[in-house]
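Worksheet for the structure shown next.
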Amino acid sequence: EMSRANVRAGQRDTLFGKLWNILNPLLMGMVYFILVNILTDRGTKPGYFVYLVSGLFLFSVLQSCATQGSRSVVKAGKIITNTAFPRVLLPLSTVKTAVNEFIPSFAVLIVIAATSGVRFHPAQITLIPLFLLFTIFVSGIAMLLATIQVYFRDTASFLPFVLRIWLYGSPI
């Protein structure tokens, strides 16, 4: 329920609402694709845009889990003091929110792949358990950062810079 409420509250004041979950990585992908085409010739490889956007979609899930997860426990201070429940549910609800926001992006990714000539291969079924492992990984990051944020309140301030360096240093 907390995850659903966060999704509704996070986009109620915007014109595009839930569409931003798809537009943001797509626009970032277009910017990176143009830069790659200008700086190198890697962007001309078939299917490159599909792989670039899929990496950005997944990285946006990681980024959302890390930033929202790090703030989750500190932000829910009054709930924690007034109610007895497992504290781990707070960062895990941010992971559930991020994964729920990713699902429409995955549908768009399938459409992009189909229109750009990337064909389905039976080995791509392994993406399902890989995504489950990815979800476990980002859950661990959210819980770790939530714990660190409780003791070092500056973690949430440094996190955007660390994530940006991680993005630029990654193969995406």
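In the structure tokens, chains take the letters A, B, ... in the order shown, each chain's residues start at 1, and ligands count up from 1 in the order shown.
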- Message: Just list as a ChimeraX atom specification whatever in stretch 11-170 of chain A DSSP marks as helix (DSSP H, G or I).
- Response: /A:17-39,42-44,48-75,77-82,89-115,122-151,155-169
- Spatial neighbours of stretch 59-61 of chain A, 12 Å, only C-alpha atoms, chain gap at least 2 places, as a PyMOL selection string: chain A and resi 20-26+28-29+52-57+63-69+94-103+105-106+131+134-135+137-139+141-142+160+163-164+166-168+170-172
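Note that the spacing between atom CA of A:Ala107 and atom CA of A:Leu35 amounts to 25.3 Å.
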Near-A:Ala146 list (7 Å; only C-alpha atoms; drop same-chain fewer than 3 positions) as a PDB file with all heavy atoms, in the first residue's frame:
```pdb
ATOM      1  N   GLY A  69      15.456   4.697  -1.271  1.00  0.00           N
ATOM      2  CA  GLY A  69      15.721   3.748  -0.192  1.00  0.00           C
ATOM      3  C   GLY A  69      16.563   4.351   0.907  1.00  0.00           C
ATOM      4  O   GLY A  69      16.347   4.082   2.097  1.00  0.00           O
ATOM      5  N   SER A  70      17.529   5.201   0.534  1.00  0.00           N
ATOM      6  CA  SER A  70      18.381   5.811   1.556  1.00  0.00           C
ATOM      7  C   SER A  70      17.593   6.759   2.448  1.00  0.00           C
ATOM      8  O   SER A  70      17.896   6.900   3.626  1.00  0.00           O
ATOM      9  CB  SER A  70      19.549   6.553   0.896  1.00  0.00           C
ATOM     10  OG  SER A  70      19.091   7.698   0.211  1.00  0.00           O
ATOM     11  N   ARG A  71      16.586   7.374   1.912  1.00  0.00           N
ATOM     12  CA  ARG A  71      15.786   8.327   2.696  1.00  0.00           C
ATOM     13  C   ARG A  71      14.604   7.679   3.418  1.00  0.00           C
ATOM     14  O   ARG A  71      13.960   8.326   4.241  1.00  0.00           O
ATOM     15  CB  ARG A  71      15.255   9.413   1.763  1.00  0.00           C
ATOM     16  CG  ARG A  71      16.323  10.265   1.161  1.00  0.00           C
ATOM     17  CD  ARG A  71      15.708  11.360   0.305  1.00  0.00           C
ATOM     18  NE  ARG A  71      16.760  12.172  -0.277  1.00  0.00           N
ATOM     19  CZ  ARG A  71      17.023  12.228  -1.563  1.00  0.00           C
ATOM     20  NH1 ARG A  71      16.311  11.531  -2.418  1.00  0.00           N
ATOM     21  NH2 ARG A  71      17.997  12.990  -2.017  1.00  0.00           N
ATOM     22  N   SER A  72      14.303   6.452   3.095  1.00  0.00           N
ATOM     23  CA  SER A  72      13.053   5.833   3.548  1.00  0.00           C
ATOM     24  C   SER A  72      12.920   5.739   5.066  1.00  0.00           C
ATOM     25  O   SER A  72      11.862   6.050   5.617  1.00  0.00           O
ATOM     26  CB  SER A  72      12.882   4.457   2.915  1.00  0.00           C
ATOM     27  OG  SER A  72      13.916   3.589   3.327  1.00  0.00           O
ATOM     28  N   VAL A  73      13.955   5.321   5.754  1.00  0.00           N
ATOM     29  CA  VAL A  73      13.855   5.128   7.203  1.00  0.00           C
ATOM     30  C   VAL A  73      13.826   6.466   7.927  1.00  0.00           C
ATOM     31  O   VAL A  73      12.997   6.689   8.819  1.00  0.00           O
ATOM     32  CB  VAL A  73      15.014   4.245   7.718  1.00  0.00           C
ATOM     33  CG1 VAL A  73      15.016   4.173   9.227  1.00  0.00           C
ATOM     34  CG2 VAL A  73      14.915   2.855   7.118  1.00  0.00           C
ATOM     35  N   PRO A  91      12.650   0.443   3.130  1.00  0.00           N
ATOM     36  CA  PRO A  91      13.435   0.443   1.885  1.00  0.00           C
ATOM     37  C   PRO A  91      12.901  -0.552   0.853  1.00  0.00           C
ATOM     38  O   PRO A  91      12.989  -0.303  -0.354  1.00  0.00           O
ATOM     39  CB  PRO A  91      14.858   0.086   2.327  1.00  0.00           C
ATOM     40  CG  PRO A  91      14.772  -0.373   3.715  1.00  0.00           C
ATOM     41  CD  PRO A  91      13.483   0.085   4.281  1.00  0.00           C
ATOM     42  N   ALA A 142      19.356  -0.608  -1.338  1.00  0.00           N
ATOM     43  CA  ALA A 142      18.398   0.253  -0.634  1.00  0.00           C
ATOM     44  C   ALA A 142      18.485   0.056   0.871  1.00  0.00           C
ATOM     45  O   ALA A 142      18.491   1.026   1.640  1.00  0.00           O
ATOM     46  CB  ALA A 142      16.979  -0.018  -1.135  1.00  0.00           C
ATOM     47  N   MET A 143      18.575  -1.199   1.312  1.00  0.00           N
ATOM     48  CA  MET A 143      18.651  -1.464   2.757  1.00  0.00           C
ATOM     49  C   MET A 143      19.979  -0.972   3.337  1.00  0.00           C
ATOM     50  O   MET A 143      20.000  -0.396   4.434  1.00  0.00           O
ATOM     51  CB  MET A 143      18.464  -2.955   3.024  1.00  0.00           C
ATOM     52  CG  MET A 143      17.048  -3.431   2.778  1.00  0.00           C
ATOM     53  SD  MET A 143      16.768  -5.159   3.202  1.00  0.00           S
ATOM     54  CE  MET A 143      17.476  -5.978   1.785  1.00  0.00           C
ATOM     55  N   GLN A 149      22.271   5.971   6.066  1.00  0.00           N
ATOM     56  CA  GLN A 149      21.626   7.280   6.203  1.00  0.00           C
ATOM     57  C   GLN A 149      21.191   7.555   7.639  1.00  0.00           C
ATOM     58  O   GLN A 149      21.217   8.694   8.087  1.00  0.00           O
ATOM     59  CB  GLN A 149      20.428   7.371   5.255  1.00  0.00           C
ATOM     60  CG  GLN A 149      19.629   8.636   5.349  1.00  0.00           C
ATOM     61  CD  GLN A 149      20.338   9.862   4.819  1.00  0.00           C
ATOM     62  OE1 GLN A 149      21.311   9.764   4.098  1.00  0.00           O
ATOM     63  NE2 GLN A 149      19.851  11.021   5.205  1.00  0.00           N
ATOM     64  N   VAL A 150      20.824   6.522   8.382  1.00  0.00           N
ATOM     65  CA  VAL A 150      20.428   6.705   9.778  1.00  0.00           C
ATOM     66  C   VAL A 150      21.603   7.234  10.597  1.00  0.00           C
ATOM     67  O   VAL A 150      21.443   8.116  11.439  1.00  0.00           O
ATOM     68  CB  VAL A 150      19.894   5.376  10.375  1.00  0.00           C
ATOM     69  CG1 VAL A 150      19.757   5.461  11.884  1.00  0.00           C
ATOM     70  CG2 VAL A 150      18.573   5.007   9.738  1.00  0.00           C
TER      71      VAL A 150
END
```
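Between atom CA of A:Gly140 and atom CA of A:Arg87 lies a distance of 13.8 Å.
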- Message: What's around stretch 119-126 of chain A at 10 Å? Count only C-alpha atoms, leave out sequence neighbours fewer than 6 positions away in its own chain, and write the answer as a PyMOL selection string.
- Response: chain A and resi 47+110+113
- Using only C-alpha atoms, pick whichever of A:Leu130, A:Leu39, A:Ile79, A:Val118 has the shortest atom-to-atom distance to A:Leu58. A:Leu130
